file data-v8.csv (CSV, C-alpha atoms)
chain,number,residue,atom,x,y,z
A,1,MET,CA,-25.3,18.9,3.6
A,2,ARG,CA,-22.5,17.6,5.8
A,3,VAL,CA,-21.3,14.2,4.6
A,4,MET,CA,-19.1,11.8,6.5
A,5,HIS,CA,-17.0,9.6,4.1
A,6,LEU,CA,-15.8,6.2,5.4
A,7,ILE,CA,-13.1,4.4,3.4
A,8,THR,CA,-11.2,1.2,4.0
A,9,ASN,CA,-7.8,2.6,3.5
A,10,MET,CA,-6.1,5.7,2.1
A,11,MET,CA,-2.5,4.3,1.9
A,12,GLY,CA,-2.8,3.4,-1.8
A,13,THR,CA,-3.2,5.6,-4.9
A,14,GLY,CA,-6.1,3.8,-6.4
A,15,GLY,CA,-9.2,5.3,-8.1
A,16,ALA,CA,-11.3,5.2,-4.9
A,17,GLU,CA,-8.9,7.3,-2.8
A,18,VAL,CA,-8.2,9.8,-5.6
A,19,MET,CA,-11.9,10.2,-6.4
A,20,LEU,CA,-12.9,10.6,-2.8
A,21,LEU,CA,-10.4,13.5,-2.3
A,22,ARG,CA,-11.5,15.1,-5.6
A,23,LEU,CA,-15.1,14.9,-4.6
A,24,ALA,CA,-14.5,16.2,-1.1
A,25,SER,CA,-12.7,19.2,-2.6
A,26,ALA,CA,-15.3,19.9,-5.2
A,27,ILE,CA,-18.7,19.2,-3.7
A,28,GLY,CA,-20.6,22.0,-2.1
A,29,GLY,CA,-22.0,22.2,1.4
A,30,GLU,CA,-20.3,22.0,4.8
A,31,ARG,CA,-16.8,20.7,5.2
A,32,PRO,CA,-16.9,16.9,4.9
A,33,ILE,CA,-15.3,14.4,7.3
A,34,ILE,CA,-13.2,11.6,5.9
A,35,VAL,CA,-12.5,8.6,8.1
A,36,SER,CA,-10.0,6.0,6.9
A,37,LEU,CA,-10.3,2.7,8.8
A,38,MET,CA,-6.6,2.0,8.3
A,39,ASP,CA,-4.3,5.0,7.5
A,40,VAL,CA,-3.4,7.9,5.1
A,41,SER,CA,-0.4,8.1,2.9
A,42,GLU,CA,2.0,11.1,2.9
A,43,ARG,CA,1.0,11.7,-0.7
A,44,HIS,CA,-2.6,12.0,0.2
A,45,ARG,CA,-1.8,14.1,3.3
A,46,GLN,CA,-0.4,16.8,1.0
A,47,VAL,CA,-3.7,17.0,-0.9
A,48,ILE,CA,-5.6,17.0,2.4
A,49,ALA,CA,-3.5,19.9,3.6
A,50,ASP,CA,-3.8,21.9,0.4
A,51,HIS,CA,-7.6,21.6,0.5
A,52,ASP,CA,-8.0,21.9,4.3
A,53,LEU,CA,-9.9,18.6,4.5
A,54,ASP,CA,-10.9,16.9,7.8
A,55,VAL,CA,-9.4,13.4,7.6
A,56,ARG,CA,-9.2,11.0,10.5
A,57,PRO,CA,-7.2,7.7,10.2
A,58,LEU,CA,-8.3,5.0,12.7
A,59,LYS,CA,-5.1,2.9,12.3
A,60,VAL,CA,-6.8,-0.4,12.1
A,61,ARG,CA,-4.2,-3.2,11.6
A,62,SER,CA,-6.1,-6.5,12.0
A,63,THR,CA,-9.4,-8.3,11.6
A,64,ALA,CA,-10.0,-7.8,15.3
A,65,GLY,CA,-9.3,-4.1,14.9
A,66,MET,CA,-11.7,-3.9,12.0
A,67,MET,CA,-14.4,-5.3,14.2
A,68,LYS,CA,-13.6,-2.9,17.0
A,69,SER,CA,-13.7,0.0,14.6
A,70,VAL,CA,-17.5,-0.4,14.4
A,71,LEU,CA,-17.8,1.1,17.9
A,72,THR,CA,-15.4,3.9,17.0
A,73,VAL,CA,-17.3,4.8,13.9
A,74,ARG,CA,-20.6,4.7,15.7
A,75,GLN,CA,-19.3,7.2,18.3
A,76,LEU,CA,-18.0,9.4,15.5
A,77,ILE,CA,-21.5,9.4,13.9
A,78,ARG,CA,-23.0,10.3,17.3
A,79,ASN,CA,-20.5,13.1,17.9
A,80,GLU,CA,-20.5,14.6,14.4
A,81,ARG,CA,-24.1,14.1,13.5
A,82,PRO,CA,-23.5,14.1,9.7
A,83,ASP,CA,-26.5,14.4,7.3
A,84,ALA,CA,-25.2,11.3,5.5
A,85,LEU,CA,-22.6,8.6,5.7
A,86,MET,CA,-21.0,7.5,2.5
A,87,CYS,CA,-19.0,4.2,2.7
A,88,TRP,CA,-16.3,3.6,0.1
A,89,LEU,CA,-15.1,0.0,-0.6
A,90,TYR,CA,-16.5,-3.3,0.7
A,91,HIS,CA,-14.9,-3.4,4.2
A,92,ALA,CA,-16.0,0.2,4.9
A,93,MET,CA,-19.5,-0.6,3.6
A,94,VAL,CA,-19.8,-3.4,6.2
A,95,VAL,CA,-18.3,-1.4,9.1
A,96,GLY,CA,-20.3,1.7,8.3
A,97,GLN,CA,-23.6,-0.1,7.8
A,98,VAL,CA,-23.3,-1.9,11.2
A,99,ALA,CA,-22.0,1.2,13.0
A,100,ALA,CA,-24.9,3.3,11.9
A,101,TRP,CA,-27.6,0.8,12.9
A,102,ARG,CA,-30.0,2.4,15.4
A,103,VAL,CA,-27.9,5.5,15.8
A,104,ALA,CA,-29.9,8.5,16.9
A,105,ASP,CA,-31.8,10.3,14.2
A,106,GLU,CA,-31.1,7.3,11.8
A,107,VAL,CA,-28.3,8.8,9.7
A,108,PRO,CA,-28.8,7.6,6.1
A,109,VAL,CA,-26.1,5.3,4.9
A,110,TYR,CA,-24.9,5.2,1.3
A,111,TRP,CA,-22.4,2.8,-0.4
A,112,ASN,CA,-19.9,3.6,-3.0
A,113,VAL,CA,-18.8,0.5,-5.1
A,114,ARG,CA,-15.6,1.1,-7.0
A,115,GLN,CA,-15.1,-2.5,-8.3
A,116,SER,CA,-16.5,-4.6,-11.0
A,117,LEU,CA,-16.9,-8.3,-10.7
A,118,ASP,CA,-15.4,-9.4,-14.1
A,119,ASP,CA,-12.9,-11.7,-12.3
A,120,MET,CA,-13.4,-12.3,-8.6
A,121,SER,CA,-10.6,-14.9,-8.6
A,122,SER,CA,-8.2,-11.9,-8.4
A,123,PHE,CA,-9.7,-10.8,-5.1
A,124,SER,CA,-8.0,-11.5,-1.8
A,125,ALA,CA,-9.7,-13.8,0.7
A,126,SER,CA,-10.5,-10.8,2.9
A,127,THR,CA,-12.1,-8.9,0.0
A,128,ARG,CA,-14.2,-11.9,-1.0
A,129,THR,CA,-15.4,-12.2,2.6
A,130,ALA,CA,-16.3,-8.5,2.8
A,131,LEU,CA,-18.1,-8.8,-0.6
A,132,GLN,CA,-20.2,-11.7,0.6
A,133,LEU,CA,-21.2,-9.7,3.7
A,134,THR,CA,-22.2,-6.7,1.6
A,135,ARG,CA,-24.5,-8.9,-0.4
A,136,LEU,CA,-26.3,-9.9,2.8
A,137,LEU,CA,-26.5,-6.3,3.8
A,138,SER,CA,-27.3,-4.8,0.4
A,139,SER,CA,-30.9,-4.0,1.2
A,140,ARG,CA,-30.0,-1.8,4.2
A,141,PRO,CA,-28.3,1.3,2.7
A,142,THR,CA,-30.4,4.2,1.5
A,143,GLY,CA,-28.7,4.0,-1.9
A,144,ILE,CA,-25.7,2.5,-3.6
A,145,VAL,CA,-23.5,4.3,-6.1
A,146,PHE,CA,-21.5,2.4,-8.7
A,147,ASN,CA,-18.8,4.1,-10.7
A,148,SER,CA,-19.6,2.0,-13.8
A,149,SER,CA,-22.7,0.6,-15.4
A,150,ARG,CA,-21.1,-2.8,-15.7
A,151,ALA,CA,-20.3,-2.9,-12.0
A,152,LEU,CA,-24.0,-2.1,-11.2
A,153,HIS,CA,-25.1,-4.9,-13.6
A,154,LEU,CA,-22.7,-7.5,-12.2
A,155,HIS,CA,-23.4,-6.7,-8.5
A,156,ARG,CA,-27.1,-7.0,-9.2
A,157,GLN,CA,-26.5,-10.4,-10.7
A,158,PHE,CA,-24.3,-11.3,-7.7
A,159,GLY,CA,-27.3,-10.7,-5.4
A,160,TYR,CA,-27.3,-7.0,-4.4
A,161,ARG,CA,-30.9,-6.1,-3.6
A,162,ASN,CA,-31.6,-2.4,-3.3
A,163,PRO,CA,-34.2,-0.2,-5.0
A,164,ASN,CA,-31.9,2.8,-5.3
A,165,LEU,CA,-28.9,1.8,-7.4
A,166,VAL,CA,-27.3,4.5,-9.6
A,167,THR,CA,-24.2,4.9,-11.7
A,168,ILE,CA,-22.1,8.0,-11.3
A,169,PRO,CA,-18.7,8.0,-13.1
A,170,ASN,CA,-15.5,9.4,-11.9
A,171,GLY,CA,-14.8,13.1,-12.6
A,172,PHE,CA,-11.7,14.9,-13.7
A,173,ASP,CA,-10.3,18.4,-13.5
A,174,PHE,CA,-9.8,20.1,-16.8
A,175,VAL,CA,-6.2,19.7,-18.0
A,176,GLU,CA,-4.8,22.7,-19.8
A,177,GLU,CA,-4.8,22.6,-23.6
A,178,ILE,CA,-2.4,19.9,-24.7
A,179,PRO,CA,-0.7,20.3,-28.1
A,180,VAL,CA,-1.4,17.3,-30.2
A,181,ASN,CA,1.6,16.5,-32.3
A,182,ALA,CA,1.3,14.4,-35.4
A,183,ARG,CA,3.8,11.6,-34.9
A,184,ARG,CA,4.1,7.9,-35.0
A,185,PRO,CA,3.2,6.5,-31.5
A,186,LEU,CA,6.2,4.4,-30.3
A,187,VAL,CA,6.1,4.8,-26.5
A,188,PHE,CA,3.4,2.7,-24.7
A,189,GLY,CA,2.7,3.3,-21.0
A,190,ILE,CA,0.9,1.3,-18.4
A,191,ALA,CA,0.0,2.5,-14.9
A,192,GLY,CA,-1.3,0.6,-11.8
A,193,ARG,CA,-0.1,-1.2,-8.8
A,194,LEU,CA,1.4,-4.7,-9.0
A,195,HIS,CA,-1.7,-6.8,-8.4
A,196,PRO,CA,-3.2,-9.9,-10.1
A,197,GLN,CA,-6.2,-8.0,-11.3
A,198,LYS,CA,-4.0,-5.7,-13.4
A,199,ASP,CA,-2.6,-8.8,-15.3
A,200,TYR,CA,0.9,-7.5,-15.9
A,201,ALA,CA,1.9,-11.0,-17.2
A,202,THR,CA,-0.4,-10.5,-20.2
A,203,PHE,CA,0.9,-6.9,-20.7
A,204,PHE,CA,4.6,-8.0,-20.7
A,205,ALA,CA,3.9,-10.9,-23.0
A,206,ALA,CA,2.0,-8.7,-25.5
A,207,ALA,CA,4.7,-6.0,-25.2
A,208,SER,CA,7.4,-8.6,-26.0
A,209,HIS,CA,5.5,-9.8,-29.1
A,210,ALA,CA,5.0,-6.2,-30.3
A,211,HIS,CA,8.7,-5.4,-29.6
A,212,ARG,CA,9.9,-8.4,-31.7
A,213,CYS,CA,7.8,-7.1,-34.6
A,214,HIS,CA,8.9,-3.4,-34.1
A,215,PRO,CA,12.2,-3.1,-32.1
A,216,GLU,CA,11.9,0.6,-32.0
A,217,ILE,CA,8.8,0.4,-29.7
A,218,ARG,CA,9.5,1.3,-26.0
A,219,PHE,CA,7.4,0.8,-22.8
A,220,VAL,CA,7.0,2.7,-19.5
A,221,ALA,CA,5.4,1.1,-16.5
A,222,ALA,CA,4.4,3.1,-13.4
A,223,GLY,CA,2.9,1.9,-10.2
A,224,SER,CA,3.6,0.5,-6.7
A,225,GLY,CA,5.7,-2.6,-7.0
A,226,LEU,CA,6.8,-2.1,-10.6
A,227,THR,CA,10.5,-1.9,-10.1
A,228,LEU,CA,13.5,-4.3,-10.8
A,229,ASP,CA,13.7,-4.9,-7.0
A,230,SER,CA,10.6,-7.1,-7.4
A,231,ALA,CA,11.4,-10.7,-8.1
A,232,ILE,CA,7.9,-11.2,-9.4
A,233,VAL,CA,8.3,-8.4,-11.9
A,234,ARG,CA,11.7,-9.6,-13.1
A,235,GLN,CA,10.3,-13.1,-13.5
A,236,MET,CA,7.3,-12.0,-15.5
A,237,ILE,CA,9.5,-9.9,-17.8
A,238,ALA,CA,11.9,-12.8,-18.3
A,239,ASP,CA,9.1,-15.3,-18.9
A,240,ALA,CA,7.7,-12.9,-21.6
A,241,GLY,CA,11.1,-12.6,-23.3
A,242,LEU,CA,10.9,-8.8,-23.2
A,243,PRO,CA,14.4,-7.2,-23.1
A,244,LEU,CA,15.0,-5.0,-20.1
A,245,SER,CA,16.4,-2.4,-22.4
A,246,ALA,CA,12.9,-2.0,-24.0
A,247,ILE,CA,11.0,-1.1,-20.7
A,248,GLU,CA,11.4,1.6,-18.0
A,249,LEU,CA,10.1,0.6,-14.6
A,250,ARG,CA,9.3,3.7,-12.6
A,251,GLY,CA,7.6,2.3,-9.6
A,252,ASN,CA,5.3,4.5,-7.5
A,253,VAL,CA,5.1,7.8,-9.3
A,254,SER,CA,4.0,11.1,-7.8
A,255,ASP,CA,4.2,13.1,-11.0
A,256,MET,CA,1.6,11.3,-13.1
A,257,ALA,CA,1.4,14.3,-15.4
A,258,GLY,CA,5.0,13.8,-16.3
A,259,PHE,CA,4.2,10.1,-17.0
A,260,TYR,CA,1.4,10.9,-19.3
A,261,HIS,CA,3.5,13.5,-21.2
A,262,ASP,CA,6.2,10.9,-21.7
A,263,ILE,CA,4.1,8.3,-23.4
A,264,ASP,CA,2.3,8.2,-26.8
A,265,ALA,CA,-0.5,5.8,-25.8
A,266,LEU,CA,-1.7,4.1,-22.6
A,267,VAL,CA,-2.3,0.4,-22.3
A,268,LEU,CA,-4.7,-1.2,-19.7
A,269,SER,CA,-4.4,-5.0,-19.4
A,270,SER,CA,-6.7,-5.5,-16.4
A,271,ARG,CA,-8.8,-8.6,-15.8
A,272,THR,CA,-11.4,-6.5,-13.8
A,273,GLU,CA,-12.1,-2.8,-13.2
A,274,GLY,CA,-14.9,-0.5,-12.3
A,275,PHE,CA,-14.1,2.9,-13.8
A,276,PRO,CA,-10.4,2.8,-14.5
A,277,ASN,CA,-9.1,6.3,-13.7
A,278,VAL,CA,-5.9,5.9,-15.6
A,279,VAL,CA,-7.8,5.5,-18.9
A,280,ALA,CA,-9.7,8.8,-18.5
A,281,GLU,CA,-6.6,10.6,-17.1
A,282,ALA,CA,-4.5,9.5,-20.1
A,283,MET,CA,-7.2,10.7,-22.5
A,284,SER,CA,-7.3,14.1,-20.7
A,285,PHE,CA,-3.6,14.4,-21.7
A,286,ALA,CA,-4.5,13.6,-25.3
A,287,LYS,CA,-3.2,10.0,-25.2
A,288,PRO,CA,-5.2,7.3,-27.0
A,289,VAL,CA,-5.9,4.1,-25.0
A,290,ILE,CA,-5.7,0.4,-25.7
A,291,SER,CA,-7.8,-1.3,-23.0
A,292,THR,CA,-9.2,-4.7,-22.1
A,293,ASP,CA,-13.0,-4.8,-22.1
A,294,VAL,CA,-13.5,-4.5,-18.3
A,295,GLY,CA,-15.8,-2.3,-16.3
A,296,ASP,CA,-16.7,0.8,-18.3
A,297,ALA,CA,-13.4,1.1,-20.1
A,298,ALA,CA,-15.1,0.7,-23.5
A,299,VAL,CA,-17.6,3.4,-22.5
A,300,ILE,CA,-14.9,5.8,-21.5
A,301,VAL,CA,-12.7,5.2,-24.6
A,302,GLY,CA,-15.6,5.5,-27.0
A,303,ASP,CA,-14.2,5.8,-30.5
A,304,SER,CA,-10.9,7.3,-29.5
A,305,GLY,CA,-9.0,4.0,-28.9
A,306,PHE,CA,-9.0,0.2,-29.1
A,307,ILE,CA,-10.7,-2.4,-26.9
A,308,VAL,CA,-9.6,-6.0,-26.7
A,309,PRO,CA,-10.7,-9.1,-24.6
A,310,PRO,CA,-9.1,-9.5,-21.2
A,311,GLY,CA,-6.3,-12.0,-21.0
A,312,ASP,CA,-5.8,-12.2,-24.7
A,313,VAL,CA,-2.1,-11.7,-25.4
A,314,THR,CA,-2.4,-11.8,-29.2
A,315,ALA,CA,-5.2,-9.3,-29.3
A,316,LEU,CA,-3.4,-6.9,-27.0
A,317,ALA,CA,-0.2,-7.2,-29.1
A,318,ASP,CA,-2.2,-6.7,-32.3
A,319,ALA,CA,-3.7,-3.5,-30.9
A,320,MET,CA,-0.2,-2.2,-30.1
A,321,ASP,CA,0.8,-3.1,-33.6
A,322,ARG,CA,-2.2,-1.3,-35.0
A,323,MET,CA,-1.6,1.8,-32.9
A,324,GLN,CA,2.1,2.1,-33.9
A,325,GLY,CA,1.1,1.6,-37.5
A,326,LEU,CA,-1.1,4.7,-37.6
A,327,ARG,CA,0.0,7.5,-39.8
A,328,PRO,CA,1.0,10.6,-37.8
A,329,SER,CA,-2.1,12.5,-39.0
A,330,GLU,CA,-4.3,9.5,-37.9
A,331,TYR,CA,-2.6,9.5,-34.5
A,332,ALA,CA,-3.3,13.2,-34.1
A,333,VAL,CA,-7.0,12.7,-34.8
A,334,LEU,CA,-7.3,9.9,-32.3
A,335,ALA,CA,-5.4,11.8,-29.6
A,336,ALA,CA,-7.6,14.9,-30.1
A,337,ALA,CA,-10.7,12.8,-29.9
A,338,ALA,CA,-9.6,11.2,-26.7
A,339,LYS,CA,-9.1,14.6,-24.9
A,340,ARG,CA,-12.3,16.0,-26.4
A,341,ARG,CA,-14.3,13.1,-25.1
A,342,VAL,CA,-13.1,13.2,-21.5
A,343,ASP,CA,-13.3,17.0,-21.3
A,344,SER,CA,-16.9,16.9,-22.5
A,345,VAL,CA,-18.3,13.8,-20.7
A,346,TYR,CA,-16.5,13.6,-17.4
A,347,PRO,CA,-15.9,17.1,-15.9
A,348,LEU,CA,-15.5,17.0,-12.1
A,349,ALA,CA,-18.0,19.8,-11.5
A,350,ARG,CA,-20.7,17.8,-13.2
A,351,VAL,CA,-19.9,14.6,-11.3
A,352,ALA,CA,-20.0,16.5,-8.0
A,353,GLU,CA,-23.4,17.9,-9.0
A,354,LEU,CA,-24.6,14.3,-9.5
A,355,TYR,CA,-23.5,13.3,-6.1
A,356,ASP,CA,-25.2,16.3,-4.5
A,357,LEU,CA,-28.5,15.3,-6.3
A,358,PHE,CA,-28.1,11.7,-5.1
A,359,PHE,CA,-27.7,12.7,-1.5
A,360,ARG,CA,-30.7,15.0,-1.7
A,361,GLY,CA,-32.9,12.2,-3.2
A,362,ALA,CA,-33.4,13.9,-6.5
A,363,PRO,CA,-33.3,11.9,-9.7
A,364,ALA,CA,-29.9,12.2,-11.4
A,365,PRO,CA,-29.8,12.5,-15.2
A,366,PRO,CA,-27.3,10.3,-17.1
A,367,ALA,CA,-23.7,11.6,-16.8
A,368,ALA,CA,-22.4,10.0,-19.9
A,369,SER,CA,-23.4,8.4,-23.2
A,370,GLU,CA,-21.9,5.1,-24.0
A,371,GLY,CA,-20.6,5.8,-27.5
A,372,GLN,CA,-18.8,3.1,-29.6
A,373,SER,CA,-15.4,1.5,-29.1
A,374,ARG,CA,-13.1,0.2,-31.7
A,375,SER,CA,-12.4,-3.5,-31.1
A,376,VAL,CA,-9.6,-5.4,-32.7
call {"tool": "encode", "arguments": {"input": "data-v8.csv", "output": "structure tokens"}}
result
Amino acid sequence: MRVMHLITNMMGTGGAEVMLLRLASAIGGERPIIVSLMDVSERHRQVIADHDLDVRPLKVRSTAGMMKSVLTVRQLIRNERPDALMCWLYHAMVVGQVAAWRVADEVPVYWNVRQSLDDMSSFSASTRTALQLTRLLSSRPTGIVFNSSRALHLHRQFGYRNPNLVTIPNGFDFVEEIPVNARRPLVFGIAGRLHPQKDYATFFAAASHAHRCHPEIRFVAAGSGLTLDSAIVRQMIADAGLPLSAIELRGNVSDMAGFYHDIDALVLSSRTEGFPNVVAEAMSFAKPVISTDVGDAAVIVGDSGFIVPPGDVTALADAMDRMQGLRPSEYAVLAAAAKRRVDSVYPLARVAELYDLFFRGAPAPPAASEGQSRSV
């Protein structure tokens, strides 16, 4: 099959953009077409060149431009005649669905939802508008993929009406064997762009509490906006009472493998997620995870880490305390379990196979078992 992928933007480094490029590189069939309504970052362009992908940015810059893009996308569908159109993220779902309406041969349209609805207050006004429009259009696509079972459940509650709703998790390339060293975990990392849904205020507050109890603990934060140049970041750290000497702010990082190698455990403090890529990526590098109970984070972590309620500073700090208090041998067992779980449950080849089955209308077997998570 030849699939055209339509995504809102490829300027960021979020899970949707990364997973789309992984899938386009791994799935069989003819060379896919990737259309970005806005633009493509230099970082993604390198991946695109390495895998010889056909990517076309439309350079949309405004709401008016988003509306006009419907005509451009419609013409692309007519010219390229794909076997299927897969729309990633809410704005692209709206544009793609309208653009494909009454196009010759009725190209089937699929949606790919990458967001849970645990906390919609963190959405921008534009995202909330697009979300409402997708609810009205939700019966139109041939099928809808969610990257987490929680996202599917919450969107159904929100009002999505479609008989073909499936959950397909993110997939990951196998990371070489990672030596698991028995040691006391003292370096906690967090990765994600500076955005309200990531709830960095809670992370900094919990980190400050943990550091007061254990001054030897250190923290590393990676993600767009996470630098001392940001007044917002400086204020959050000051409000939390976390010494600047205790945290390294790396900003936007291209070498994520280096980041994972440098930490002992990953922390996710988000208020809402679908399938948080950083959780599974950290686990693939044999790093245990402390995560808030958002999206399918608890499903991914299973029994290889700790799960806490979102927005709970005390619970997050207690989980850090519990992690650093592990004996070296206990830490090694947890780290090995994290890697083993990701390698066995979320291989990219299997996820690509599930997408292929979905496009062909075949029933897709479950891709993962839920397992149990450790709560604190």
call {"tool": "residues_around", "arguments": {"input": "data-v8.csv", "residues": "Pro309 in chain A", "least_positions_apart": "3", "cutoff": "7 Å", "atoms": "all atoms listed in the file", "output": "list in words"}}
result
Thr292, Asp293 and Asp312 of chain A
call {"tool": "write_last_selection", "arguments": {"input": "data-v8.csv", "atoms": "C-alpha atoms", "output": "PDB file, keeping the file's coordinate frame"}}
result
ATOM      1  CA  THR A 292      -9.200  -4.700 -22.100  1.00  0.00           C
ATOM      2  CA  ASP A 293     -13.000  -4.800 -22.100  1.00  0.00           C
ATOM      3  CA  ASP A 312      -5.800 -12.200 -24.700  1.00  0.00           C
TER       4      ASP A 312
END
call {"tool": "closest_residue", "arguments": {"input": "data-v8.csv", "among": "A:Thr134, A:Ser122, A:Thr142, A:Gln75", "to": "Pro108 in chain A", "atoms": "only C-alpha atoms"}}
result
A:Thr142
call {"tool": "closest_residue", "arguments": {"input": "data-v8.csv", "among": "A:Ala100, A:Val40, A:Leu249, A:Val299", "to": "Thr13 in chain A", "atoms": "all atoms listed in the file"}}
result
A:Val40
call {"tool": "atom_distance", "arguments": {"input": "data-v8.csv", "atom1": "CA of Gly274 in chain A", "atom2": "CA of Met256 in chain A"}}
result
20.3 Å
call {"tool": "closest_atom_pairs", "arguments": {"input": "data-v8.csv", "of": "range 171-255 of chain A", "to": "range 324-340 of chain A", "cutoff": "8 Å", "atoms": "only C-alpha atoms", "output": "tab-separated table"}}
result
residue	atom	partner	partner_atom	distance
A:Val180	CA	A:Ala332	CA	6.0
A:Asn181	CA	A:Ala332	CA	6.2
A:Ala182	CA	A:Pro328	CA	4.5
A:Arg183	CA	A:Pro328	CA	4.2
A:Arg184	CA	A:Pro328	CA	5.0
A:Pro185	CA	A:Gln324	CA	5.1
A:Leu186	CA	A:Gln324	CA	5.9
call {"tool": "closest_residue", "arguments": {"input": "data-v8.csv", "among": "A:Val166, A:Ala130, A:Ala49, A:Met11", "to": "Met67 in chain A", "atoms": "all atoms listed in the file"}}
result
A:Ala130
call {"tool": "closest_residue", "arguments": {"input": "data-v8.csv", "among": "A:Gly15, A:Leu85, A:Met66, A:Asp239", "to": "Ile34 in chain A", "atoms": "all atoms listed in the file"}}
result
A:Leu85
call {"tool": "atom_distance", "arguments": {"input": "data-v8.csv", "atom1": "CA of Cys213 in chain A", "atom2": "CA of Asp321 in chain A"}}
result
8.1 Å
call {"tool": "residues_near_point", "arguments": {"input": "data-v8.csv", "point": "(-20.0, 9.6, -13.1)", "cutoff": "7 Å", "atoms": "only C-alpha atoms", "output": "list in words"}}
result
Asn147, Thr167, Ile168, Pro169, Asn170, Gly171, Tyr346, Val351 and Ala367 of chain A
call {"tool": "atom_distance", "arguments": {"input": "data-v8.csv", "atom1": "CA of Arg218 in chain A", "atom2": "CA of Val18 in chain A"}}
result
28.3 Å
call {"tool": "closest_residue", "arguments": {"input": "data-v8.csv", "among": "A:Tyr110, A:Phe285, A:Tyr200, A:Phe158", "to": "Asp83 in chain A", "atoms": "all atoms listed in the file"}}
result
A:Tyr110
